[in-house]
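Student: One structure follows; several queries about it will come next.
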Amino acid sequence: MIDIIATYAAALSLLVGSGFVLVGAIGLLKFNDSMTRLHAPTKVGTVGIGMLLLGSMIDTFISGDTSIHELLIMAFLFVTAPISAHFIAKVNIHRRACDTPPAPPRDSTWSTLDSPEGESQ
Amino acid sequence: MTRAYRWLLPHPLLTLILAVVWVLLQNDITAGMVVFGIILGVVIPWMTSVWWPDTPKGFRLGKMVSYSLMVMWDIMVANVQVAWIVISVPNAKLKPAWIVIPLELRQPEAITVLAGTITLTPGTVSADLSDEGHSLLVHVLHTDDPDGVRDEIKTRYERRLLEIFV
């Protein structure tokens, strides 16, 4: 009985996860501006891959060969995803591929645009 | 005594995390692996302390755990919202916006956690920090009320982080 429930739970999380990954891919294709494009895969991907890993964990748990590596994969993914998104955003600001951001209220400029004198933008 | 402790364990929490990650990597708990994990947890922070000289002083682990659980819940909810925006809102009607968040947090570790939280929560990406670190630039995918998003980030995340990093 528990086997059947777990199999369905694993299948359900695989389906939900792949659904989110699919939406992320659609967003990447659909949006027409590089800043908005950044939103779809970095976001929807975290839960999408999280659900796929949950399915993998449930499956290894019922087959008696419990694996906890998935928790680590999720942790590393959540720690590293913001860094890559941050770098893509910085590249967009550098290439003027997006609207110019408003100036910061208390400081002179954004650190990405803060280039030394004489260096070309 | 305190100085010897500081010298040996510059980042006690990092030591704990490294040991736990090592044991999880093995997928199996044996005494030898726990001991080796603790050795790694002592040696790695000691060797890398040159690049991370300032230890965050007050760090409330309990509040950090409840903060993480709240962020996970927000990620789940906001993922469904962003998926819905991706599917239903046509490009012409999309209202992306830059918002500027004035920061009250001063510690680099705290600002990093806030920026990571903003990026992981779907619909917002933290893009840049001002040159003196007083404000954070955030890109929003679709909003009618940029000031509301800014206030929500400040009250929901930054206020809690101010309590965690004291």
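Residues in the structure tokens are numbered from 1 in each chain, the chains being A, B, ... in the order shown, and ligands are numbered from 1 in the order shown.
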Find the nearest atom pair between each residue of chain B and chain A for residues within 8 Å, count only C-alpha atoms, give distances in Å to one decimal, sort rows by chain and ascending number, and present the table as a Markdown table.
Tutor:
| residue | atom | partner | partner_atom | distance |
| --- | --- | --- | --- | --- |
| B:Val21 | CA | A:Leu72 | CA | 7.4 |
| B:Leu24 | CA | A:His69 | CA | 6.6 |
| B:Leu25 | CA | A:His69 | CA | 6.4 |
| B:Asn27 | CA | A:Ile68 | CA | 6.2 |
| B:Ile75 | CA | A:Val47 | CA | 7.8 |
| B:Met76 | CA | A:Val47 | CA | 7.0 |
| B:Asn79 | CA | A:Val44 | CA | 5.9 |
| B:Val82 | CA | A:Val44 | CA | 7.5 |
| B:Ala83 | CA | A:Val23 | CA | 6.1 |
| B:Val86 | CA | A:Gly27 | CA | 5.5 |
| B:Ile87 | CA | A:Val23 | CA | 7.4 |
| B:Asn91 | CA | A:Phe31 | CA | 6.3 |
| B:Pro96 | CA | A:Thr36 | CA | 7.1 |
| B:Trp98 | CA | A:Pro101 | CA | 6.1 |
| B:Ile99 | CA | A:Pro102 | CA | 7.9 |
| B:Val100 | CA | A:Pro104 | CA | 6.8 |
| B:Pro102 | CA | A:Pro105 | CA | 7.7 |
| B:Ala115 | CA | A:Pro82 | CA | 7.9 |
| B:Gly116 | CA | A:Pro82 | CA | 5.4 |
| B:Thr119 | CA | A:Pro82 | CA | 5.5 |
| B:Leu120 | CA | A:Lys43 | CA | 6.4 |
| B:Thr121 | CA | A:Lys43 | CA | 7.1 |
| B:Pro122 | CA | A:Lys43 | CA | 5.0 |
| B:Gly123 | CA | A:His39 | CA | 6.4 |
| B:Thr124 | CA | A:His39 | CA | 7.3 |
| B:Val125 | CA | A:His39 | CA | 7.1 |
| B:Ser126 | CA | A:His86 | CA | 6.6 |
| B:Ala127 | CA | A:Ala89 | CA | 5.3 |
| B:Asp128 | CA | A:Trp110 | CA | 6.6 |
| B:Leu129 | CA | A:Trp110 | CA | 5.9 |
| B:Ser130 | CA | A:Trp110 | CA | 4.0 |
| B:Asp131 | CA | A:Ser111 | CA | 4.4 |
| B:Glu132 | CA | A:Asp107 | CA | 6.2 |
| B:Gly133 | CA | A:Asp107 | CA | 7.9 |
| B:His134 | CA | A:Arg106 | CA | 6.6 |
| B:Ser135 | CA | A:Pro104 | CA | 6.4 |
| B:Leu137 | CA | A:Pro101 | CA | 7.8 |
| B:His139 | CA | A:Met35 | CA | 7.8 |
| B:Leu141 | CA | A:Thr36 | CA | 5.8 |
Student: Take the residues from that selection and write them out as a short mmCIF file (atom, residue, chain, number, x, y, z; two decimals), in the first residue's frame, keeping N, CA, C and O atoms.
Tutor:
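Output below, filename result.cif:
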data_model
loop_
_atom_site.label_atom_id
_atom_site.label_comp_id
_atom_site.auth_asym_id
_atom_site.auth_seq_id
_atom_site.Cartn_x
_atom_site.Cartn_y
_atom_site.Cartn_z
N VAL B 21 27.93 18.94 5.71
CA VAL B 21 27.92 18.71 4.26
C VAL B 21 28.79 17.51 3.91
O VAL B 21 28.41 16.67 3.07
N LEU B 24 26.88 14.41 4.75
CA LEU B 24 25.79 14.21 3.78
C LEU B 24 26.33 13.72 2.44
O LEU B 24 25.69 12.90 1.77
N LEU B 25 27.51 14.20 2.06
CA LEU B 25 28.11 13.78 0.79
C LEU B 25 28.39 12.29 0.78
O LEU B 25 28.35 11.64 -0.27
N ASN B 27 26.59 10.06 2.21
CA ASN B 27 25.32 9.33 2.17
C ASN B 27 25.24 8.24 3.23
O ASN B 27 24.46 7.32 3.12
N ILE B 75 8.76 31.37 -1.80
CA ILE B 75 9.23 30.92 -3.11
C ILE B 75 8.16 30.08 -3.79
O ILE B 75 7.86 30.26 -4.97
N MET B 76 7.54 29.17 -3.02
CA MET B 76 6.50 28.31 -3.59
C MET B 76 5.34 29.16 -4.11
O MET B 76 4.88 28.98 -5.25
N ASN B 79 6.33 31.37 -7.10
CA ASN B 79 6.58 30.60 -8.32
C ASN B 79 5.31 30.40 -9.11
O ASN B 79 5.31 30.53 -10.33
N VAL B 82 4.47 33.68 -10.78
CA VAL B 82 5.29 33.99 -11.96
C VAL B 82 4.93 33.07 -13.12
O VAL B 82 4.85 33.50 -14.27
N ALA B 83 4.68 31.79 -12.82
CA ALA B 83 4.29 30.86 -13.88
C ALA B 83 3.01 31.37 -14.55
O ALA B 83 2.88 31.32 -15.77
N VAL B 86 3.86 34.31 -16.77
CA VAL B 86 4.53 33.86 -18.00
C VAL B 86 3.49 33.36 -18.99
O VAL B 86 3.54 33.66 -20.19
N ILE B 87 2.51 32.60 -18.49
CA ILE B 87 1.54 32.00 -19.41
C ILE B 87 0.51 33.01 -19.86
O ILE B 87 0.15 33.06 -21.04
N ASN B 91 3.29 40.09 -23.91
CA ASN B 91 4.47 40.95 -23.76
C ASN B 91 4.12 42.42 -23.72
O ASN B 91 4.72 43.19 -22.99
N PRO B 96 7.47 45.73 -16.54
CA PRO B 96 8.68 45.57 -15.72
C PRO B 96 9.09 46.91 -15.14
O PRO B 96 8.76 47.95 -15.70
N TRP B 98 12.28 49.00 -12.52
CA TRP B 98 13.42 49.02 -11.59
C TRP B 98 12.91 49.60 -10.28
O TRP B 98 12.19 50.60 -10.30
N ILE B 99 13.27 49.00 -9.16
CA ILE B 99 13.00 49.67 -7.91
C ILE B 99 14.30 49.78 -7.10
O ILE B 99 15.19 48.96 -7.24
N VAL B 100 14.38 50.85 -6.32
CA VAL B 100 15.57 51.10 -5.50
C VAL B 100 15.17 50.90 -4.05
O VAL B 100 14.20 51.48 -3.59
N PRO B 102 16.35 51.46 -0.33
CA PRO B 102 17.33 52.02 0.60
C PRO B 102 17.60 51.02 1.72
O PRO B 102 16.66 50.48 2.31
N ALA B 115 19.96 40.09 -0.69
CA ALA B 115 19.99 40.07 -2.16
C ALA B 115 19.66 38.68 -2.69
O ALA B 115 18.92 38.53 -3.66
N GLY B 116 20.19 37.64 -2.02
CA GLY B 116 19.89 36.27 -2.44
C GLY B 116 18.42 35.95 -2.28
O GLY B 116 17.81 35.31 -3.14
N THR B 119 16.44 37.55 -5.06
CA THR B 119 16.58 36.87 -6.34
C THR B 119 15.83 35.54 -6.34
O THR B 119 15.21 35.19 -7.34
N LEU B 120 15.87 34.81 -5.23
CA LEU B 120 15.20 33.50 -5.20
C LEU B 120 13.69 33.65 -5.20
O LEU B 120 12.99 32.76 -5.68
N THR B 121 13.18 34.76 -4.66
CA THR B 121 11.74 34.95 -4.68
C THR B 121 11.34 35.36 -6.09
O THR B 121 11.80 36.38 -6.58
N PRO B 122 10.52 34.58 -6.75
CA PRO B 122 10.25 34.86 -8.16
C PRO B 122 9.56 36.20 -8.36
O PRO B 122 8.82 36.65 -7.51
N GLY B 123 9.87 36.81 -9.52
CA GLY B 123 9.31 38.11 -9.83
C GLY B 123 10.26 39.25 -9.56
O GLY B 123 10.08 40.33 -10.10
N THR B 124 11.29 39.01 -8.74
CA THR B 124 12.25 40.07 -8.46
C THR B 124 13.67 39.53 -8.59
O THR B 124 13.94 38.40 -8.19
N VAL B 125 14.57 40.34 -9.18
CA VAL B 125 15.99 39.99 -9.25
C VAL B 125 16.77 41.15 -8.68
O VAL B 125 16.54 42.30 -9.06
N SER B 126 17.68 40.88 -7.74
CA SER B 126 18.54 41.96 -7.29
C SER B 126 19.67 42.11 -8.28
O SER B 126 20.37 41.15 -8.59
N ALA B 127 19.83 43.33 -8.83
CA ALA B 127 20.75 43.52 -9.94
C ALA B 127 22.05 44.18 -9.52
O ALA B 127 23.10 43.84 -10.04
N ASP B 128 22.00 45.14 -8.60
CA ASP B 128 23.22 45.88 -8.31
C ASP B 128 23.13 46.53 -6.95
O ASP B 128 22.05 46.71 -6.38
N LEU B 129 24.30 46.90 -6.44
CA LEU B 129 24.42 47.60 -5.17
C LEU B 129 25.05 48.95 -5.47
O LEU B 129 25.88 49.05 -6.37
N SER B 130 24.63 50.00 -4.76
CA SER B 130 25.25 51.31 -5.03
C SER B 130 26.67 51.31 -4.50
O SER B 130 27.05 50.48 -3.68
N ASP B 131 27.47 52.28 -4.98
CA ASP B 131 28.92 52.17 -4.76
C ASP B 131 29.31 52.21 -3.28
O ASP B 131 30.33 51.65 -2.90
N GLU B 132 28.51 52.88 -2.42
CA GLU B 132 28.83 52.87 -1.00
C GLU B 132 27.99 51.86 -0.23
O GLU B 132 28.05 51.80 0.99
N GLY B 133 27.15 51.13 -0.94
CA GLY B 133 26.35 50.09 -0.28
C GLY B 133 25.15 50.59 0.49
O GLY B 133 24.73 49.97 1.45
N HIS B 134 24.57 51.74 0.08
CA HIS B 134 23.41 52.25 0.80
C HIS B 134 22.09 51.86 0.15
O HIS B 134 21.04 52.06 0.75
N SER B 135 22.12 51.41 -1.11
CA SER B 135 20.86 51.00 -1.71
C SER B 135 21.06 49.81 -2.65
O SER B 135 22.17 49.56 -3.12
N LEU B 137 19.57 47.73 -6.05
CA LEU B 137 18.77 47.89 -7.27
C LEU B 137 18.09 46.56 -7.57
O LEU B 137 18.74 45.52 -7.63
N HIS B 139 15.14 44.46 -10.00
CA HIS B 139 14.29 44.47 -11.19
C HIS B 139 13.05 43.63 -10.92
O HIS B 139 13.16 42.50 -10.45
N LEU B 141 9.54 41.88 -12.42
CA LEU B 141 9.03 41.37 -13.70
C LEU B 141 7.75 42.07 -14.10
O LEU B 141 7.60 42.53 -15.23
#
Student: Apply DSSP to the backbone of this structure and, from range 3-114 of chain A, keep only the residues in helix (DSSP H, G or I); write these as a tab-separated table (two decimals) with N, CA and C atoms, in the first residue's frame.
Tutor:
chain	number	residue	atom	x	y	z
A	3	ASP	N	3.84	1.48	-0.89
A	3	ASP	CA	4.57	1.54	-2.16
A	3	ASP	C	3.77	2.29	-3.23
A	4	ILE	N	2.47	1.95	-3.28
A	4	ILE	CA	1.64	2.57	-4.32
A	4	ILE	C	1.53	4.06	-4.10
A	5	ILE	N	1.28	4.45	-2.82
A	5	ILE	CA	1.16	5.89	-2.52
A	5	ILE	C	2.46	6.60	-2.89
A	6	ALA	N	3.61	5.99	-2.50
A	6	ALA	CA	4.89	6.65	-2.76
A	6	ALA	C	5.16	6.74	-4.25
A	7	THR	N	4.79	5.70	-4.99
A	7	THR	CA	5.01	5.76	-6.44
A	7	THR	C	4.20	6.91	-7.05
A	8	TYR	N	2.92	7.02	-6.60
A	8	TYR	CA	2.11	8.11	-7.13
A	8	TYR	C	2.67	9.46	-6.71
A	9	ALA	N	3.17	9.56	-5.45
A	9	ALA	CA	3.73	10.83	-4.98
A	9	ALA	C	4.95	11.20	-5.82
A	10	ALA	N	5.81	10.19	-6.10
A	10	ALA	CA	7.00	10.47	-6.90
A	10	ALA	C	6.59	10.91	-8.30
A	11	ALA	N	5.60	10.21	-8.88
A	11	ALA	CA	5.17	10.56	-10.24
A	11	ALA	C	4.58	11.96	-10.26
A	12	LEU	N	3.79	12.29	-9.21
A	12	LEU	CA	3.17	13.62	-9.16
A	12	LEU	C	4.23	14.71	-9.07
A	13	SER	N	5.24	14.49	-8.20
A	13	SER	CA	6.25	15.55	-8.08
A	13	SER	C	7.07	15.68	-9.35
A	14	LEU	N	7.30	14.55	-10.06
A	14	LEU	CA	8.00	14.65	-11.34
A	14	LEU	C	7.19	15.47	-12.34
A	15	LEU	N	5.86	15.22	-12.36
A	15	LEU	CA	5.01	15.96	-13.30
A	15	LEU	C	4.98	17.45	-12.98
A	16	VAL	N	4.78	17.77	-11.69
A	16	VAL	CA	4.73	19.19	-11.30
A	16	VAL	C	6.06	19.86	-11.62
A	17	GLY	N	7.17	19.16	-11.27
A	17	GLY	CA	8.50	19.72	-11.54
A	17	GLY	C	8.72	19.98	-13.01
A	18	SER	N	8.38	19.00	-13.85
A	18	SER	CA	8.62	19.22	-15.28
A	18	SER	C	7.70	20.30	-15.82
A	19	GLY	N	6.48	20.42	-15.22
A	19	GLY	CA	5.60	21.52	-15.63
A	19	GLY	C	6.23	22.88	-15.39
A	20	PHE	N	6.84	23.04	-14.18
A	20	PHE	CA	7.48	24.33	-13.88
A	20	PHE	C	8.67	24.59	-14.79
A	21	VAL	N	9.46	23.53	-15.07
A	21	VAL	CA	10.61	23.72	-15.96
A	21	VAL	C	10.13	24.12	-17.35
A	22	LEU	N	9.02	23.51	-17.79
A	22	LEU	CA	8.46	23.85	-19.11
A	22	LEU	C	8.04	25.31	-19.14
A	23	VAL	N	7.36	25.78	-18.07
A	23	VAL	CA	6.95	27.19	-18.03
A	23	VAL	C	8.17	28.10	-18.07
A	24	GLY	N	9.25	27.70	-17.37
A	24	GLY	CA	10.48	28.49	-17.41
A	24	GLY	C	11.01	28.60	-18.83
A	25	ALA	N	11.00	27.49	-19.57
A	25	ALA	CA	11.49	27.50	-20.94
A	25	ALA	C	10.60	28.36	-21.82
A	26	ILE	N	9.26	28.28	-21.61
A	26	ILE	CA	8.34	29.11	-22.40
A	26	ILE	C	8.63	30.58	-22.15
A	27	GLY	N	8.83	30.93	-20.86
A	27	GLY	CA	9.12	32.32	-20.52
A	27	GLY	C	10.39	32.81	-21.19
A	28	LEU	N	11.41	31.95	-21.21
A	28	LEU	CA	12.68	32.32	-21.84
A	28	LEU	C	12.48	32.63	-23.32
A	29	LEU	N	11.61	31.86	-23.98
A	29	LEU	CA	11.36	32.09	-25.41
A	29	LEU	C	10.43	33.26	-25.64
A	30	LYS	N	9.46	33.44	-24.74
A	30	LYS	CA	8.38	34.39	-25.01
A	30	LYS	C	8.79	35.84	-24.78
A	34	SER	N	15.98	41.32	-22.43
A	34	SER	CA	16.87	40.39	-21.73
A	34	SER	C	16.69	40.43	-20.21
A	35	MET	N	16.24	41.56	-19.66
A	35	MET	CA	16.04	41.61	-18.21
A	35	MET	C	14.82	40.79	-17.79
A	36	THR	N	13.71	40.88	-18.54
A	36	THR	CA	12.54	40.09	-18.17
A	36	THR	C	12.78	38.61	-18.45
A	37	ARG	N	13.58	38.34	-19.48
A	37	ARG	CA	13.91	36.95	-19.77
A	37	ARG	C	14.61	36.27	-18.62
A	38	LEU	N	15.40	37.06	-17.90
A	38	LEU	CA	16.17	36.53	-16.78
A	38	LEU	C	15.25	35.95	-15.71
A	39	HIS	N	14.03	36.52	-15.58
A	39	HIS	CA	13.15	36.09	-14.50
A	39	HIS	C	12.68	34.65	-14.65
A	40	ALA	N	12.27	34.29	-15.87
A	40	ALA	CA	11.59	33.00	-16.02
A	40	ALA	C	12.45	31.80	-15.63
A	41	PRO	N	13.61	31.58	-16.25
A	41	PRO	CA	14.35	30.36	-15.93
A	41	PRO	C	14.96	30.35	-14.53
A	42	THR	N	15.45	31.51	-14.04
A	42	THR	CA	16.11	31.46	-12.73
A	42	THR	C	15.11	31.16	-11.62
A	43	LYS	N	13.86	31.57	-11.80
A	43	LYS	CA	12.89	31.42	-10.73
A	43	LYS	C	12.19	30.10	-10.80
A	44	VAL	N	11.51	29.93	-11.94
A	44	VAL	CA	10.68	28.76	-12.07
A	44	VAL	C	11.57	27.52	-11.99
A	45	GLY	N	12.82	27.67	-12.42
A	45	GLY	CA	13.76	26.55	-12.36
A	45	GLY	C	14.01	26.03	-10.96
A	46	THR	N	14.07	26.93	-9.95
A	46	THR	CA	14.42	26.44	-8.61
A	46	THR	C	13.36	25.47	-8.09
A	47	VAL	N	12.07	25.85	-8.19
A	47	VAL	CA	11.04	24.94	-7.71
A	47	VAL	C	10.92	23.74	-8.65
A	48	GLY	N	11.07	23.98	-9.96
A	48	GLY	CA	10.98	22.86	-10.91
A	48	GLY	C	11.99	21.78	-10.57
A	49	ILE	N	13.26	22.18	-10.44
A	49	ILE	CA	14.29	21.19	-10.14
A	49	ILE	C	14.11	20.64	-8.74
A	50	GLY	N	13.64	21.49	-7.79
A	50	GLY	CA	13.36	21.00	-6.44
A	50	GLY	C	12.35	19.87	-6.44
A	51	MET	N	11.29	20.02	-7.23
A	51	MET	CA	10.27	18.97	-7.29
A	51	MET	C	10.83	17.70	-7.94
A	52	LEU	N	11.65	17.86	-9.00
A	52	LEU	CA	12.25	16.67	-9.63
A	52	LEU	C	13.12	15.93	-8.63
A	53	LEU	N	13.88	16.68	-7.82
A	53	LEU	CA	14.75	16.05	-6.82
A	53	LEU	C	13.92	15.38	-5.73
A	54	LEU	N	12.77	16.01	-5.37
A	54	LEU	CA	11.89	15.40	-4.37
A	54	LEU	C	11.37	14.06	-4.88
A	55	GLY	N	11.01	14.01	-6.17
A	55	GLY	CA	10.58	12.75	-6.77
A	55	GLY	C	11.66	11.70	-6.67
A	56	SER	N	12.90	12.13	-6.95
A	56	SER	CA	14.03	11.19	-6.85
A	56	SER	C	14.21	10.69	-5.42
A	57	MET	N	14.02	11.59	-4.43
A	57	MET	CA	14.19	11.17	-3.04
A	57	MET	C	13.12	10.17	-2.63
A	58	ILE	N	11.87	10.44	-3.02
A	58	ILE	CA	10.79	9.51	-2.67
A	58	ILE	C	11.06	8.15	-3.30
A	59	ASP	N	11.52	8.17	-4.54
A	59	ASP	CA	11.77	6.90	-5.24
A	59	ASP	C	12.88	6.09	-4.58
A	60	THR	N	13.99	6.76	-4.21
A	60	THR	CA	15.07	6.01	-3.55
A	60	THR	C	14.63	5.55	-2.16
A	61	PHE	N	13.72	6.32	-1.52
A	61	PHE	CA	13.28	5.96	-0.18
A	61	PHE	C	12.46	4.67	-0.21
A	62	ILE	N	11.53	4.55	-1.17
A	62	ILE	CA	10.72	3.32	-1.18
A	62	ILE	C	11.50	2.13	-1.71
A	69	HIS	N	21.57	12.89	-1.05
A	69	HIS	CA	22.34	13.82	-1.87
A	69	HIS	C	21.47	14.93	-2.45
A	70	GLU	N	20.19	14.61	-2.67
A	70	GLU	CA	19.30	15.60	-3.28
A	70	GLU	C	19.20	16.86	-2.43
A	71	LEU	N	19.23	16.69	-1.09
A	71	LEU	CA	19.17	17.86	-0.22
A	71	LEU	C	20.36	18.78	-0.48
A	72	LEU	N	21.52	18.16	-0.67
A	72	LEU	CA	22.73	18.94	-0.94
A	72	LEU	C	22.61	19.64	-2.29
A	73	ILE	N	22.11	18.91	-3.31
A	73	ILE	CA	21.97	19.53	-4.63
A	73	ILE	C	21.08	20.76	-4.52
A	74	MET	N	19.95	20.60	-3.77
A	74	MET	CA	19.03	21.72	-3.61
A	74	MET	C	19.72	22.88	-2.90
A	75	ALA	N	20.48	22.57	-1.84
A	75	ALA	CA	21.15	23.64	-1.10
A	75	ALA	C	22.14	24.38	-2.00
A	76	PHE	N	22.95	23.63	-2.76
A	76	PHE	CA	23.93	24.28	-3.63
A	76	PHE	C	23.24	25.11	-4.70
A	77	LEU	N	22.13	24.57	-5.23
A	77	LEU	CA	21.39	25.28	-6.27
A	77	LEU	C	20.85	26.61	-5.75
A	78	PHE	N	20.30	26.58	-4.49
A	78	PHE	CA	19.71	27.80	-3.94
A	78	PHE	C	20.79	28.81	-3.60
A	79	VAL	N	22.00	28.34	-3.29
A	79	VAL	CA	23.07	29.28	-2.96
A	79	VAL	C	23.67	29.87	-4.24
A	80	THR	N	23.76	29.07	-5.32
A	80	THR	CA	24.47	29.56	-6.50
A	80	THR	C	23.56	30.26	-7.50
A	81	ALA	N	22.24	29.94	-7.53
A	81	ALA	CA	21.36	30.55	-8.53
A	81	ALA	C	21.34	32.07	-8.48
A	82	PRO	N	21.28	32.71	-7.27
A	82	PRO	CA	21.29	34.17	-7.26
A	82	PRO	C	22.57	34.76	-7.84
A	83	ILE	N	23.69	34.04	-7.69
A	83	ILE	CA	24.96	34.61	-8.17
A	83	ILE	C	24.97	34.70	-9.69
A	84	SER	N	24.52	33.62	-10.37
A	84	SER	CA	24.52	33.68	-11.83
A	84	SER	C	23.51	34.71	-12.31
A	85	ALA	N	22.34	34.79	-11.65
A	85	ALA	CA	21.35	35.79	-12.05
A	85	ALA	C	21.92	37.19	-11.88
A	86	HIS	N	22.65	37.41	-10.78
A	86	HIS	CA	23.25	38.71	-10.51
A	86	HIS	C	24.26	39.08	-11.61
A	87	PHE	N	25.05	38.08	-12.04
A	87	PHE	CA	26.04	38.38	-13.07
A	87	PHE	C	25.39	38.71	-14.41
A	88	ILE	N	24.32	37.96	-14.76
A	88	ILE	CA	23.63	38.26	-16.02
A	88	ILE	C	23.04	39.66	-15.96
A	89	ALA	N	22.47	40.03	-14.79
A	89	ALA	CA	21.91	41.37	-14.64
A	89	ALA	C	22.99	42.42	-14.81
A	90	LYS	N	24.16	42.19	-14.24
A	90	LYS	CA	25.27	43.15	-14.37
A	90	LYS	C	25.68	43.31	-15.83
A	91	VAL	N	25.73	42.17	-16.55
A	91	VAL	CA	26.10	42.25	-17.97
A	91	VAL	C	25.08	43.08	-18.73
A	92	ASN	N	23.77	42.89	-18.40
A	92	ASN	CA	22.73	43.66	-19.08
A	92	ASN	C	22.89	45.15	-18.82
A	93	ILE	N	23.22	45.51	-17.57
A	93	ILE	CA	23.39	46.93	-17.27
A	93	ILE	C	24.59	47.49	-18.03
A	94	HIS	N	25.66	46.70	-18.11
A	94	HIS	CA	26.86	47.14	-18.83
A	94	HIS	C	26.59	47.35	-20.30
A	111	SER	N	27.38	50.36	-8.43
A	111	SER	CA	28.77	49.91	-8.47
A	111	SER	C	29.15	49.33	-9.84
A	112	THR	N	28.16	48.78	-10.57
A	112	THR	CA	28.49	48.26	-11.90
A	112	THR	C	28.92	49.37	-12.85
A	113	LEU	N	28.28	50.56	-12.69
A	113	LEU	CA	28.58	51.68	-13.59
A	113	LEU	C	29.73	52.53	-13.09
Student: Where does DSSP see strand (DSSP E) in range 16-148 of chain B, if you list the residues as a list of chain:residue names?
Tutor: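 Residues of range 16-148 of chain B classed as strand (DSSP E): B:Ala97, B:Trp98, B:Ile99, B:Val100, B:Ile101, B:Pro102, B:Thr124, B:Val125, B:Ser126, B:Ala127, B:Asp128, B:Leu129, B:Ser135, B:Leu136, B:Leu137, B:Val138, B:His139, B:Val140.
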Student: For Arg106 in chain B, which residue out of B:Lys154, B:Ser66, B:Val71, B:Leu161 is the nearest one, using only C-alpha atoms?
Tutor: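 Result for the nearest residue to Arg106 in chain B: B:Leu161.
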Student: Separation of CA of Asp144 in chain B and CA of Val89 in chain B, in Å?
Tutor: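 Pair CA of Asp144 in chain B / CA of Val89 in chain B returns 13.1 Å.
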